[in-house]
Each structure stands twice: as C-alpha cells, then as structure tokens.
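Report on the structure given below.
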Amino acid sequence: MKLLIFGATGPTGQQLLRQALEQGHQVTALARRPSALGIQHPLLNPIPGDILDVASVESAVAGQDAVLSALGVRKWMKNTILSDGTRNILQAMTRHGVRRFICESSLGVGDSKNDLGKAFNWFFLPVLFKKVFADKEIQERYIQESDLDWTIVRPTYLDDGPLTGNYQVWTGRKPADVTNRISRADTAHFMLKQLITDTYVRKTPGISY
C-alpha cells in the first residue's frame, strides 16, 4: 500500500515509519528536514515540505492510498499548527480522491475530556496543555466534519516502551480497568492495523494498557 506519513520525525511518527516499512508498505514521509528521519530504505520516499505549505502537502498527497498523521507541536504558546496543517491535509485528500485518514490525537480531547482523571483536568490541562489541547479540539473538529474515511486515535499518556501488540481499545467512556499509559510503538501498531479494517472508520477509539 502507498502510505503518506505526516509527523514522521516525531516519536510516534518514527514508530509508524519503521513499522510501515517492515510491513512492506511504500512510504512517503514529508518533513521539513528529511535527514531528520534517520533512516534509509528502498521503500521510503523522503520529501522536503511543510504541512503549512499547501503546495507541498498537495504534492505529497497525490497518488497515495492512505494518509497517517502523528503530527505534534513543541510550542506551548497559543498556535494553530495542528489544526491548520490538518486542514491542508484534508483539503488535499479531498481534491486528490484519497479517502483513508488515520490521525493520532489524545485522550482528553472532545468527548473524552474527563477520561484522564481529576489531576489532568485540574492541573495538567489548564496549566501545561491548555493551548495544545485547544488546537487539538479544532483539529478533531475539522476531521469529523470532513467526508473522508477517518479514524481519530486517542492514546493515553505515551511512553517509549516496547511493541507488545497487547492493549485495550474502546469507544465511548474509558473502561475502569485500563491504565493511563500506552507505548508509542503500540499506538503506531494500532494505527497501521486500521489500514485493513473498517471497524473504527469515522470513530474516535481510545487506546491504552
């Protein structure tokens, strides 16, 4: 399958990139500095570009079978990088007839805003993550308003643990017996699984151990 990955230089994006190549997919990765991908592979097509540049997004999207996004921001001040970039991706996919979009978001966004517990809602969200999550809310709204076959994946707190393939997935309220930790490797594993199933099309599954 021909895949386009946005955010491939980030922690989850690196896992997506490596696992997709291991599975034999033909992968295009758009990055401002393709050298930061840190990998060379005969199935990898690294191209320079920026998600805020409409022309580079359009060029990358054309001819793909599916698009995956693990975009993140390292800026704590107010910004609209995620939502603006995602809007560019959605518009390019619509124009080029690419239907499948799988996007990493976060538990705590949208109707899952109470699922990370009181400490998150009382401290981490208003103090540390307020501006980032405000943009994630807009990002998710753009996706849900699109006519694409989207899946928004909402992991709990991410860590650098190993790939296990053993995790819980749910829609609606978070089950009481799950933890608030999931590895980036397992998050990427779940995202790639969505390429071969329509179970979570137009849904927002949570994922954790």
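Chain identifiers are assigned as A, B, and so on, following the order in which chains appear in the structure tokens; residues are numbered from 1 within each chain, and ligands are numbered from 1 in order of appearance.
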
(request) For Asp186 in chain A, work out the shell of residues within 8 Å, counting only C-alpha atoms and skipping chain neighbours fewer than 4 positions away, then give it as a ChimeraX atom specification. (result) /A:162-167,182,190

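Using only C-alpha atoms, the protein and nucleic acid residues lying no more than 10 Å from range 49-59 of chain A, apart from those fewer than 6 places from it along its own chain, are Phe6, Gly7, Ala29, Leu30, Ala31, Arg32, Arg33, Pro34, Leu71, Ile81, Leu82, Ser83, Asp84, Gly85, Thr86, Arg87, Asn88, Ile89, Leu90, Gln91, Ala92, Met93, Arg95 and His96 of chain A.
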
Report as a PDB file with C-alpha atoms, in the first residue's frame all protein, DNA and RNA residues lying within 10 Å of Gly63 in chain A, evaluated on only C-alpha atoms, omitting residues in the same chain fewer than 3 positions from it.
ATOM      1  CA  LYS A   2       1.184   3.548  -0.726  1.00  0.00           C
ATOM      2  CA  LEU A   3       1.225   5.478   2.537  1.00  0.00           C
ATOM      3  CA  LEU A   4       1.924   9.093   3.345  1.00  0.00           C
ATOM      4  CA  SER A  59       2.201  17.190  -3.999  1.00  0.00           C
ATOM      5  CA  ALA A  60       2.749  14.650  -1.229  1.00  0.00           C
ATOM      6  CA  ALA A  66      -3.897   6.327   2.715  1.00  0.00           C
ATOM      7  CA  MET A  93      -7.019  14.426   0.214  1.00  0.00           C
ATOM      8  CA  HIS A  96      -6.995  14.006  -4.964  1.00  0.00           C
ATOM      9  CA  GLY A  97      -9.611  11.405  -4.012  1.00  0.00           C
ATOM     10  CA  VAL A  98      -7.589   9.833  -1.184  1.00  0.00           C
TER      11      VAL A  98
END

(request) Give the strand (DSSP E) residues of chain A, as assigned by DSSP on the backbone, as a PyMOL selection string. (result) chain A and resi 2-6+26-31+44-48+66-69+100-104+149-155+157-159+168-170+181-183+206-208

(message) Which residues are near range 17-28 of chain A? Cut-off 12 Å, only C-alpha atoms, ignore same chain within fewer than 3 positions. Put them as a ChimeraX atom specification.
(response) /A:1-14,31,34,37-49,57,59-70,163,184-193,195

(message) So the first atom is CA of Arg99 in chain A and the second is CA of Thr204 in chain A; what is the distance between them in Å, to one decimal place?
(response) 16.8 Å

Per residue of range 34-133 of chain A within 6 Å of range 145-159 of chain A, record the nearest atom pair and its distance in Å to one decimal, counting only C-alpha atoms, with rows in chain order and ascending residue number, as a tab-separated table.
residue	atom	partner	partner_atom	distance
A:Arg99	CA	A:Leu148	CA	5.1
A:Arg100	CA	A:Asp149	CA	4.9
A:Phe101	CA	A:Trp150	CA	4.6
A:Ile102	CA	A:Thr151	CA	4.9
A:Cys103	CA	A:Ile152	CA	4.9
A:Glu104	CA	A:Val153	CA	4.9
A:Ser105	CA	A:Arg154	CA	5.1
A:Ser106	CA	A:Arg154	CA	4.2
A:Leu107	CA	A:Arg154	CA	4.7

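Nearest to Arg173 in chain A of all the residues A:Lys78, A:Val201, A:Asn114, A:Ile143 is A:Asn114, based on only C-alpha atoms.
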
DSSP helix (DSSP H, G or I) selection over range 11-184 of chain A, as a PDB file with C-alpha atoms, in the first residue's frame:
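What ended up in selection-v1.pdb:
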ATOM      1  CA  PRO A  11       8.417   9.917  18.480  1.00  0.00           C
ATOM      2  CA  THR A  12       5.202   8.211  17.342  1.00  0.00           C
ATOM      3  CA  GLY A  13       5.905   9.059  13.723  1.00  0.00           C
ATOM      4  CA  GLN A  14       9.226   7.246  13.914  1.00  0.00           C
ATOM      5  CA  GLN A  15       7.414   4.126  15.079  1.00  0.00           C
ATOM      6  CA  LEU A  16       4.859   4.475  12.285  1.00  0.00           C
ATOM      7  CA  LEU A  17       7.615   4.885   9.729  1.00  0.00           C
ATOM      8  CA  ARG A  18       9.660   1.884  10.821  1.00  0.00           C
ATOM      9  CA  GLN A  19       6.711  -0.448  11.312  1.00  0.00           C
ATOM     10  CA  ALA A  20       5.151   0.531   7.974  1.00  0.00           C
ATOM     11  CA  LEU A  21       8.403  -0.208   6.161  1.00  0.00           C
ATOM     12  CA  GLU A  22       8.772  -3.516   7.994  1.00  0.00           C
ATOM     13  CA  PRO A  34      14.139  14.754   5.556  1.00  0.00           C
ATOM     14  CA  SER A  35      17.560  13.923   7.004  1.00  0.00           C
ATOM     15  CA  ALA A  36      15.915  14.009  10.454  1.00  0.00           C
ATOM     16  CA  LEU A  37      14.007  10.834   9.563  1.00  0.00           C
ATOM     17  CA  VAL A  54      -0.427  23.961   0.682  1.00  0.00           C
ATOM     18  CA  ALA A  55       1.638  23.175  -2.424  1.00  0.00           C
ATOM     19  CA  SER A  56       3.948  20.712  -0.682  1.00  0.00           C
ATOM     20  CA  VAL A  57       1.023  18.961   1.010  1.00  0.00           C
ATOM     21  CA  GLU A  58      -0.836  18.695  -2.298  1.00  0.00           C
ATOM     22  CA  SER A  59       2.201  17.190  -3.999  1.00  0.00           C
ATOM     23  CA  ALA A  60       2.749  14.650  -1.229  1.00  0.00           C
ATOM     24  CA  VAL A  61      -0.893  13.516  -1.068  1.00  0.00           C
ATOM     25  CA  ILE A  81      -0.190  24.488  13.658  1.00  0.00           C
ATOM     26  CA  LEU A  82      -2.010  21.186  14.141  1.00  0.00           C
ATOM     27  CA  SER A  83      -5.403  22.423  13.011  1.00  0.00           C
ATOM     28  CA  ASP A  84      -4.109  24.468  10.072  1.00  0.00           C
ATOM     29  CA  GLY A  85      -1.835  21.662   8.916  1.00  0.00           C
ATOM     30  CA  THR A  86      -4.587  19.083   9.244  1.00  0.00           C
ATOM     31  CA  ARG A  87      -6.991  21.280   7.301  1.00  0.00           C
ATOM     32  CA  ASN A  88      -4.435  21.425   4.476  1.00  0.00           C
ATOM     33  CA  ILE A  89      -4.138  17.635   4.543  1.00  0.00           C
ATOM     34  CA  LEU A  90      -7.905  17.110   4.472  1.00  0.00           C
ATOM     35  CA  GLN A  91      -8.390  19.521   1.600  1.00  0.00           C
ATOM     36  CA  ALA A  92      -5.599  17.898  -0.417  1.00  0.00           C
ATOM     37  CA  MET A  93      -7.019  14.426   0.214  1.00  0.00           C
ATOM     38  CA  THR A  94     -10.450  15.539  -0.936  1.00  0.00           C
ATOM     39  CA  ARG A  95      -9.060  17.077  -4.106  1.00  0.00           C
ATOM     40  CA  HIS A  96      -6.995  14.006  -4.964  1.00  0.00           C
ATOM     41  CA  GLY A 110     -13.565  16.040  22.608  1.00  0.00           C
ATOM     42  CA  ASP A 111     -15.995  13.746  24.365  1.00  0.00           C
ATOM     43  CA  SER A 112     -13.098  12.032  26.179  1.00  0.00           C
ATOM     44  CA  LYS A 118      -9.101  14.797  38.006  1.00  0.00           C
ATOM     45  CA  ALA A 119      -5.377  15.610  38.147  1.00  0.00           C
ATOM     46  CA  PHE A 120      -5.326  16.095  34.382  1.00  0.00           C
ATOM     47  CA  ASN A 121      -8.445  18.284  34.327  1.00  0.00           C
ATOM     48  CA  TRP A 122      -7.482  20.345  37.375  1.00  0.00           C
ATOM     49  CA  PHE A 123      -3.778  20.842  36.749  1.00  0.00           C
ATOM     50  CA  PHE A 124      -2.168  19.429  33.619  1.00  0.00           C
ATOM     51  CA  LEU A 125      -4.816  20.644  31.166  1.00  0.00           C
ATOM     52  CA  PRO A 126      -5.290  24.229  32.431  1.00  0.00           C
ATOM     53  CA  VAL A 127      -1.637  24.746  33.387  1.00  0.00           C
ATOM     54  CA  LEU A 128       0.509  22.790  30.924  1.00  0.00           C
ATOM     55  CA  PHE A 129      -1.561  21.616  27.973  1.00  0.00           C
ATOM     56  CA  LYS A 130      -4.330  24.194  27.618  1.00  0.00           C
ATOM     57  CA  LYS A 131      -3.163  25.761  24.361  1.00  0.00           C
ATOM     58  CA  VAL A 132      -2.048  22.480  22.764  1.00  0.00           C
ATOM     59  CA  PHE A 133      -5.347  20.785  23.551  1.00  0.00           C
ATOM     60  CA  ALA A 134      -7.335  23.783  22.365  1.00  0.00           C
ATOM     61  CA  ASP A 135      -5.773  23.307  18.934  1.00  0.00           C
ATOM     62  CA  LYS A 136      -6.356  19.546  19.093  1.00  0.00           C
ATOM     63  CA  GLU A 137     -10.056  20.272  19.625  1.00  0.00           C
ATOM     64  CA  ILE A 138     -10.125  22.286  16.413  1.00  0.00           C
ATOM     65  CA  GLN A 139      -8.070  19.643  14.612  1.00  0.00           C
ATOM     66  CA  GLU A 140     -10.523  16.908  15.572  1.00  0.00           C
ATOM     67  CA  ARG A 141     -13.489  19.043  14.551  1.00  0.00           C
ATOM     68  CA  TYR A 142     -12.040  19.598  11.083  1.00  0.00           C
ATOM     69  CA  ILE A 143     -11.537  15.851  10.683  1.00  0.00           C
ATOM     70  CA  GLN A 144     -15.006  14.931  11.903  1.00  0.00           C
ATOM     71  CA  GLU A 145     -16.617  17.486   9.613  1.00  0.00           C
ATOM     72  CA  ARG A 184       4.259   4.901  21.085  1.00  0.00           C
TER      73      ARG A 184
END

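Proximity of A:Ser183, A:Thr80, A:Thr197, A:Gln168 to Tyr209 in chain A, computed with only C-alpha atoms, is greatest for A:Gln168.
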
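The two atoms in question, CA of Gly172 in chain A and CA of Tyr200 in chain A, are spaced 12.2 Å apart.
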
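Taking CA of Ser208 in chain A and CA of Asn180 in chain A as endpoints, the distance between them is 6.4 Å.
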